[in-house]
Amino acid sequence: MKICVFCSSSNAVNNVYFDAADKLGLLIARNKHTLVYGGANVGLMEHVAKTVSQNKARIVGIIPQKIYDKVLASSLPDEMIVTPTMDMRKRKMRDLSDAFIALPGGFGTLEEILEVITLKQLDYHHKPIVFINTNNFYGHLIQQFEHSYSELFAKEHYRKIYTVVNTPEEAMDYINNYKHQQSDVNKWFIVPEK
């Protein structure tokens, strides 16, 4: 299975986040999965790739030309794909992957994971999506999701699109046992008549 990991490119974060990245990398490798990730040599991205590499599993890095030109490409991937744009990078990551995991990260990580949630909501894919809520990093975001449900900006059924776990072990367990449940729920609350 090809598992896409969205995560931080910051080297300044607390060690608890690097520890979670290490654990996830080890589990990806032990389960004989392939890591698909952003291909950069910084932050949690490089950390998770390093652990996967040390444990002899395959890595595919996907990096946009603009970031590649800043000498930020990792040397760890078995295959490095350089895309012309960030949008093409995200599309390639989505197309290649069988599952998505969000470790803690900044605006880029949030954009990536929210995009795959939206695409699943609109029935463009049926792949598992997991937030690893290390150190309650995603606590406020999950509260915002709950606010969207209570204010009817989103249907409560869409809680089933993703899952939130506390550890890499729980994330891997969810993905390894994932079975898509077909839904006939209409995204829209009220559809105008023609």
# chains A, B, ... in the order shown; residues from 1 in each chain; ligands from 1
>>> select_by_dssp(residues="range 43-133 of chain A", states="alpha helix (DSSP H)", output="ChimeraX atom specification")
/A:43-54,65-68,86-96,107-121
>>> write_last_selection(atoms="C-alpha atoms", output="mmCIF file, in the first residue's frame")
data_model
loop_
_atom_site.group_PDB
_atom_site.id
_atom_site.type_symbol
_atom_site.label_atom_id
_atom_site.label_comp_id
_atom_site.auth_asym_id
_atom_site.auth_seq_id
_atom_site.Cartn_x
_atom_site.Cartn_y
_atom_site.Cartn_z
ATOM 1 C CA GLY A 43 11.148 18.976 9.396
ATOM 2 C CA LEU A 44 8.923 16.010 10.066
ATOM 3 C CA MET A 45 9.052 15.227 6.339
ATOM 4 C CA GLU A 46 12.742 14.340 6.433
ATOM 5 C CA HIS A 47 12.326 12.597 9.774
ATOM 6 C CA VAL A 48 9.602 10.198 8.673
ATOM 7 C CA ALA A 49 11.464 9.472 5.422
ATOM 8 C CA LYS A 50 14.714 8.790 7.267
ATOM 9 C CA THR A 51 13.063 6.195 9.493
ATOM 10 C CA VAL A 52 11.356 4.537 6.516
ATOM 11 C CA SER A 53 14.682 4.474 4.658
ATOM 12 C CA GLN A 54 16.609 3.036 7.618
ATOM 13 C CA GLN A 65 10.270 22.708 -8.972
ATOM 14 C CA LYS A 66 10.275 25.942 -6.964
ATOM 15 C CA ILE A 67 11.097 24.111 -3.712
ATOM 16 C CA TYR A 68 13.494 21.746 -5.482
ATOM 17 C CA MET A 86 2.445 22.912 -6.199
ATOM 18 C CA ASP A 87 -1.012 22.040 -7.513
ATOM 19 C CA MET A 88 0.445 19.308 -9.718
ATOM 20 C CA ARG A 89 2.445 18.009 -6.758
ATOM 21 C CA LYS A 90 -0.705 17.626 -4.665
ATOM 22 C CA ARG A 91 -2.548 15.916 -7.509
ATOM 23 C CA LYS A 92 0.318 13.469 -8.042
ATOM 24 C CA MET A 93 0.455 12.677 -4.312
ATOM 25 C CA ARG A 94 -3.295 12.017 -4.275
ATOM 26 C CA ASP A 95 -3.252 9.909 -7.429
ATOM 27 C CA LEU A 96 -0.349 7.701 -6.310
ATOM 28 C CA PHE A 107 -0.764 25.753 6.467
ATOM 29 C CA GLY A 108 0.469 23.393 3.723
ATOM 30 C CA THR A 109 -0.420 20.297 5.737
ATOM 31 C CA LEU A 110 -3.855 21.695 6.536
ATOM 32 C CA GLU A 111 -4.507 22.546 2.903
ATOM 33 C CA GLU A 112 -3.477 19.071 1.754
ATOM 34 C CA ILE A 113 -5.511 17.098 4.278
ATOM 35 C CA LEU A 114 -8.598 19.312 3.927
ATOM 36 C CA GLU A 115 -8.451 18.934 0.167
ATOM 37 C CA VAL A 116 -8.492 15.126 0.358
ATOM 38 C CA ILE A 117 -11.401 15.335 2.830
ATOM 39 C CA THR A 118 -13.326 17.592 0.432
ATOM 40 C CA LEU A 119 -12.629 15.305 -2.531
ATOM 41 C CA LYS A 120 -13.811 12.277 -0.560
ATOM 42 C CA GLN A 121 -16.920 14.175 0.511
#
>>> residues_around(residues="Asn166 in chain A", least_positions_apart="3", cutoff="6 Å", atoms="only C-alpha atoms", output="list in words")
Ile132, Asn133 and Thr134 of chain A
>>> select_by_dssp(residues="range 13-145 of chain A", states="strand (DSSP E)", output="PyMOL selection string")
chain A and resi 34-37+59-64+79-83+99-102+129-132
>>> write_last_selection(atoms="C-alpha atoms", output="PDB file, in the first residue's frame")
ATOM      1  CA  THR A  34       5.510   2.657   0.572  1.00  0.00           C
ATOM      2  CA  LEU A  35       5.833   6.222   1.872  1.00  0.00           C
ATOM      3  CA  VAL A  36       4.579   8.954  -0.451  1.00  0.00           C
ATOM      4  CA  TYR A  37       5.416  12.416   0.860  1.00  0.00           C
ATOM      5  CA  ILE A  59       9.929   6.057  -0.562  1.00  0.00           C
ATOM      6  CA  VAL A  60       8.437   8.271  -3.263  1.00  0.00           C
ATOM      7  CA  GLY A  61       9.075  11.992  -2.870  1.00  0.00           C
ATOM      8  CA  ILE A  62       7.049  14.538  -4.818  1.00  0.00           C
ATOM      9  CA  ILE A  63       8.358  18.087  -4.798  1.00  0.00           C
ATOM     10  CA  PRO A  64       7.515  21.182  -6.856  1.00  0.00           C
ATOM     11  CA  GLU A  79      11.979   7.887  -6.613  1.00  0.00           C
ATOM     12  CA  MET A  80      11.825  11.691  -6.700  1.00  0.00           C
ATOM     13  CA  ILE A  81       9.170  13.322  -8.848  1.00  0.00           C
ATOM     14  CA  VAL A  82       9.633  17.042  -9.553  1.00  0.00           C
ATOM     15  CA  THR A  83       6.425  18.774 -10.635  1.00  0.00           C
ATOM     16  CA  ALA A  99      -4.339   6.281   2.112  1.00  0.00           C
ATOM     17  CA  PHE A 100      -3.629   9.656   3.708  1.00  0.00           C
ATOM     18  CA  ILE A 101      -2.199  10.510   7.125  1.00  0.00           C
ATOM     19  CA  ALA A 102      -1.741  13.994   8.552  1.00  0.00           C
ATOM     20  CA  ILE A 129      -7.915   9.676   5.870  1.00  0.00           C
ATOM     21  CA  VAL A 130      -6.345   9.922   9.325  1.00  0.00           C
ATOM     22  CA  PHE A 131      -5.288  12.797  11.582  1.00  0.00           C
ATOM     23  CA  ILE A 132      -2.637  11.842  14.139  1.00  0.00           C
TER      24      ILE A 132
END
>>> closest_residue(among="A:Ala29, A:Ala73, A:Leu122, A:Ala40", to="Lys2 in chain A", atoms="only C-alpha atoms")
A:Ala29
>>> atom_distance(atom1="CA of Gly39 in chain A", atom2="CA of Leu72 in chain A")
8.3 Å
